[in-house]
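Notes for the one structure printed next.
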Amino acid sequence: MSVKFETRIDETFRNLKAQGRAGFVAFITAGDPDLETSIQILKGLPQAGADVIELGMPFSDPMADGPAIQASSLRALNAGQTMIKTLGMVADFRVSNSTTPIVLMGYYNPIYSYGVEKFLNDAKKAGVDGLIIVDLPPEEEAELCLPALNVGINFIYLTAPTTTDERLPAVLRHASGFVYYVSITGITGTKKAAIGDIEKSLARIRAQSGLPIAVGFGISTPQDVADVAGVADGVVVGSALVKTIEAGLENDGKSGPNLVKDVLSLAGELAAGVRK
Amino acid sequence: MPLILDVEKAYSDAKADPEFAKAVAYYFAQYVGRPSPLYFAERLTKQLGGAKIYLKREDLNHTGAHKVNNCIGQILLARRMGKGRIIAETGAGQHGVATATVCALFDIPCTIYMGSKDIERQAPNVYRMQMLGAEVKPVTVGSNSLKDAMNEAMRDWVANVEDTYYLIGTAAGPHPYPEMVRDFQCVIGNEVRDQIIQGEGRLPDTLVACIGGGSNALGLFHPFLDDADIRMIAVEAAGKGIETGLHAASLSAGRPGVLHGNRTYLLQDDDGQIKEAHSISAGLDYPGIGPEHSWLHDIGRAEYVSVTDDEAINAFKLLTKLEGIIPALESAHAIAHVIKLAPTLAKENIIVINLSGRGDKDLATVAAHSGEKLGGVL
């Protein structure tokens, strides 16, 4: 099923295709290490070269995430991040940026608790383009995916090396925006996949879908980005960026003077990988 | 997702195979020591001066708790699936010990995830698991307890899906686990039916069990669900008291949410963040509850009450002195509720308590709570 609306995601991937390159997708957790610093990073990412931004909605039990993003989620929650503040960050970002797509990524319970309908309306109003909800498989599409499509927000599905050709149609049925390919079996920021394996899997997905494919999990260096950019439409880096946030903290856990600069400069180096 | 669909398919195949049921029955009888006795607690009954109290002695199972019933079933399933490695989460360590035990029996390597806080308070079980050949991995993220151990086990599973089977210990988690764990635990209630009819010539009036995730309660309750007159009471851990916020009473004080692949009652804050559960008993220290219990709660078929740490400790001591049976602190919650309930009921009323585990593992905790030290009398 193709959706009847267009978001910044569609436009961005169309432009990227015209430029003949892959997009750089940067992940940070909203509110990490604190709201103010996180807004500065968010606003700086497009300038640093991010084509798409994945903004993590922090959750107490991030089951699909490795130690780096777990710690990042915990820092944000300890600093008092809430769903209202996360949506507020997006609205704030949209004041000065109307083109870079923002995809909220996270787990279902905070949305369920906020109220699905209210969340979708508020997210749309704030300027959110897509959602990636790790713990909602296509079997649960009525929960959030279909309602999201109704308000004009893309619901982005995860596929993995274990997603068989037989299962792909179910995953792709209501997919829109792009397809997120998890390049490894495992959690974020741990191991690294071989390019040949990624290429084979992407070919399997492309045989069943015309959507752009962004590849994530296990991509951490500019060279990794360049390698994956050779075969994918988008390259996602998360753990490496949030590790730089962690490294930029003072001893008391507060944001240090170089934190924002360091994160954005790493984003710049990573983004160069898609522009080679 | 595919890994869960695999388990679902394998389980429905196994259910349809009489050989599988035969194998489960064999190990239940020959290895676990089933049926476990249904014991009339005469002195406790007399002391409380009301209803007639029976104890379903799951504490007498091999490994000392009901957990092994489920482990036998799932390890046989994992073998059918050809999995060469087992992972599990554990709170009190009872499920970890039961898992390590069946893994030793079938010579399958296993890794047990356990919150660092629980490792500290359940040292004997940790050593037991290690003796059995399991690798015990301390979990030091989040609240360092059962839910975090479950998160880590899931992370391991998705990373090692090819050869690994996740042996979940309670009637929670993604489908088909809640149903499968319940099915394996139903042996408890099925035996109680036969035993009580043999002893009393009729079915019981009241069933009582403690509840964390809910597998022992469901195992006792489920075979009686259609007997509308039988009252079912599940006892949650109220920790230091519901009003203090330091408890594990998901149904009494939580609200619906989604965690670990199921929608159920959860302890959570206003923003949908999962809260730490608290209980003196590590096995009840989970912020959720099996989804079938949420359903039984919502339709009003079972009652959900709670007792505090202090009440559980008192019940632990009372049963030990009166009956010479040292209950697990988890099971002591069920006893504690019956201490309040039995005197209010007629002498003809028959209560069956699921004595889900034995309390050797809890001696240090009970001693510390009472301001004593193990070995202090020497």
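Chain labels follow the order of the structure tokens: the first chain is A, the next B, and so on; residue numbering restarts at 1 in every chain, and ligands are counted from 1 in their shown order.
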
Query raised in the report: Mind listing as an NGL selection string which residues of chain A are within 6 Å of chain B, counting only C-alpha atoms?
Result: :A and (60 or 63 or 109-110 or 113 or 185-186)

Query raised in the report: Out of region 70-243 of chain A, which residues get helix (DSSP H, G or I) from DSSP, as an MDAnalysis selection string?
Result: chainID A and resid 70:78 83:96 108:114 116:126 138:140 145:151 168:172 195:206 222:229 239:243

Query raised in the report: What does the distance between CA of His95 (chain B) and CA of Val134 (chain A) come to in Å, to one decimal place?
Result: 27.7 Å

Report task. Name all residues at most 10 Å from Asn258 (chain A) (count only C-alpha atoms; drop same-chain ones fewer than 2 positions away) and give them as a VMD selection string. Result -> chain A and resid 245 247 to 249 255 to 256 260 to 263

Export C-alpha atoms of the chosen residues as a compact mmCIF listing (two decimals), in the first residue's frame?
```
# COMPACT_ATOMS: atom_id res chain seq x y z
CA ILE A 245 28.20 13.29 24.31
CA ALA A 247 32.92 11.90 26.62
CA GLY A 248 32.12 15.60 26.72
CA LEU A 249 30.59 15.51 30.21
CA SER A 255 27.63 19.25 29.90
CA GLY A 256 31.26 20.32 29.31
CA VAL A 260 28.32 20.45 21.46
CA LYS A 261 31.29 21.34 19.28
CA ASP A 262 32.76 17.83 19.55
CA VAL A 263 29.48 16.09 18.72
```

Query raised in the report: CA of Gly219 (chain B) to CA of Thr101 (chain B): how many Å, to one decimal?
Result: 20.9 Å

**Report entry** Residues of region 92-254 of chain B in strand (DSSP E), written as a PyMOL selection string
**Finding:** chain B and resi 110-115+135-139+164-166+206-210+231-239

Hey, can you spit out that residue selection with C-alpha atoms as a PDB file, in the first residue's frame?
```pdb
ATOM      1  CA  CYS B 110      23.538 -21.711  29.581  1.00  0.00           C
ATOM      2  CA  THR B 111      23.873 -18.084  30.555  1.00  0.00           C
ATOM      3  CA  ILE B 112      21.745 -16.601  33.319  1.00  0.00           C
ATOM      4  CA  TYR B 113      21.175 -12.857  33.557  1.00  0.00           C
ATOM      5  CA  MET B 114      20.676 -11.597  37.075  1.00  0.00           C
ATOM      6  CA  GLY B 115      20.492  -8.073  38.482  1.00  0.00           C
ATOM      7  CA  GLU B 135      27.494 -18.641  33.511  1.00  0.00           C
ATOM      8  CA  VAL B 136      25.850 -16.015  35.733  1.00  0.00           C
ATOM      9  CA  LYS B 137      26.067 -12.572  34.162  1.00  0.00           C
ATOM     10  CA  PRO B 138      25.495  -9.659  36.531  1.00  0.00           C
ATOM     11  CA  VAL B 139      23.260  -6.928  35.127  1.00  0.00           C
ATOM     12  CA  THR B 164      20.027 -19.610  21.317  1.00  0.00           C
ATOM     13  CA  TYR B 165      16.731 -20.337  23.057  1.00  0.00           C
ATOM     14  CA  TYR B 166      15.398 -17.845  25.617  1.00  0.00           C
ATOM     15  CA  THR B 206     -10.521 -20.701  47.847  1.00  0.00           C
ATOM     16  CA  LEU B 207      -7.187 -20.709  46.030  1.00  0.00           C
ATOM     17  CA  VAL B 208      -4.378 -18.416  47.144  1.00  0.00           C
ATOM     18  CA  ALA B 209      -0.998 -17.811  45.519  1.00  0.00           C
ATOM     19  CA  CYS B 210       1.660 -15.119  45.521  1.00  0.00           C
ATOM     20  CA  ARG B 231     -12.586 -17.911  44.731  1.00  0.00           C
ATOM     21  CA  MET B 232      -9.076 -17.107  43.515  1.00  0.00           C
ATOM     22  CA  ILE B 233      -6.818 -14.683  45.295  1.00  0.00           C
ATOM     23  CA  ALA B 234      -3.405 -13.586  44.059  1.00  0.00           C
ATOM     24  CA  VAL B 235      -1.176 -11.802  46.533  1.00  0.00           C
ATOM     25  CA  GLU B 236       1.143  -9.083  45.276  1.00  0.00           C
ATOM     26  CA  ALA B 237       4.120  -7.683  47.154  1.00  0.00           C
ATOM     27  CA  ALA B 238       3.249  -4.394  48.834  1.00  0.00           C
ATOM     28  CA  GLY B 239       6.898  -3.989  49.870  1.00  0.00           C
TER      29      GLY B 239
END
```

Query raised in the report: Residues at most 9 Å from Leu104 (chain A), counting only C-alpha atoms, excluding those fewer than 2 positions away in the same chain, as a PyMOL selection string?
Result: chain A and resi 53-57+102+106+128-133

Atoms to include: C-alpha atoms. Write the selected residues as a PDB file, in the first residue's frame.
```pdb
ATOM      1  CA  ILE A  53      17.610  13.320  12.118  1.00  0.00           C
ATOM      2  CA  GLU A  54      16.497  10.470  14.317  1.00  0.00           C
ATOM      3  CA  LEU A  55      15.544  11.817  17.694  1.00  0.00           C
ATOM      4  CA  GLY A  56      15.395   9.162  20.392  1.00  0.00           C
ATOM      5  CA  MET A  57      12.527   9.325  22.865  1.00  0.00           C
ATOM      6  CA  ILE A 102      12.816  14.419  11.959  1.00  0.00           C
ATOM      7  CA  GLY A 106      11.900   4.729  20.643  1.00  0.00           C
ATOM      8  CA  VAL A 128       7.616  15.251  13.201  1.00  0.00           C
ATOM      9  CA  ASP A 129       7.826  13.350   9.908  1.00  0.00           C
ATOM     10  CA  GLY A 130       8.207   9.743  10.905  1.00  0.00           C
ATOM     11  CA  LEU A 131       8.223   7.228  13.739  1.00  0.00           C
ATOM     12  CA  ILE A 132      10.399   4.213  14.413  1.00  0.00           C
ATOM     13  CA  ILE A 133       8.977   2.174  17.268  1.00  0.00           C
TER      14      ILE A 133
END
```
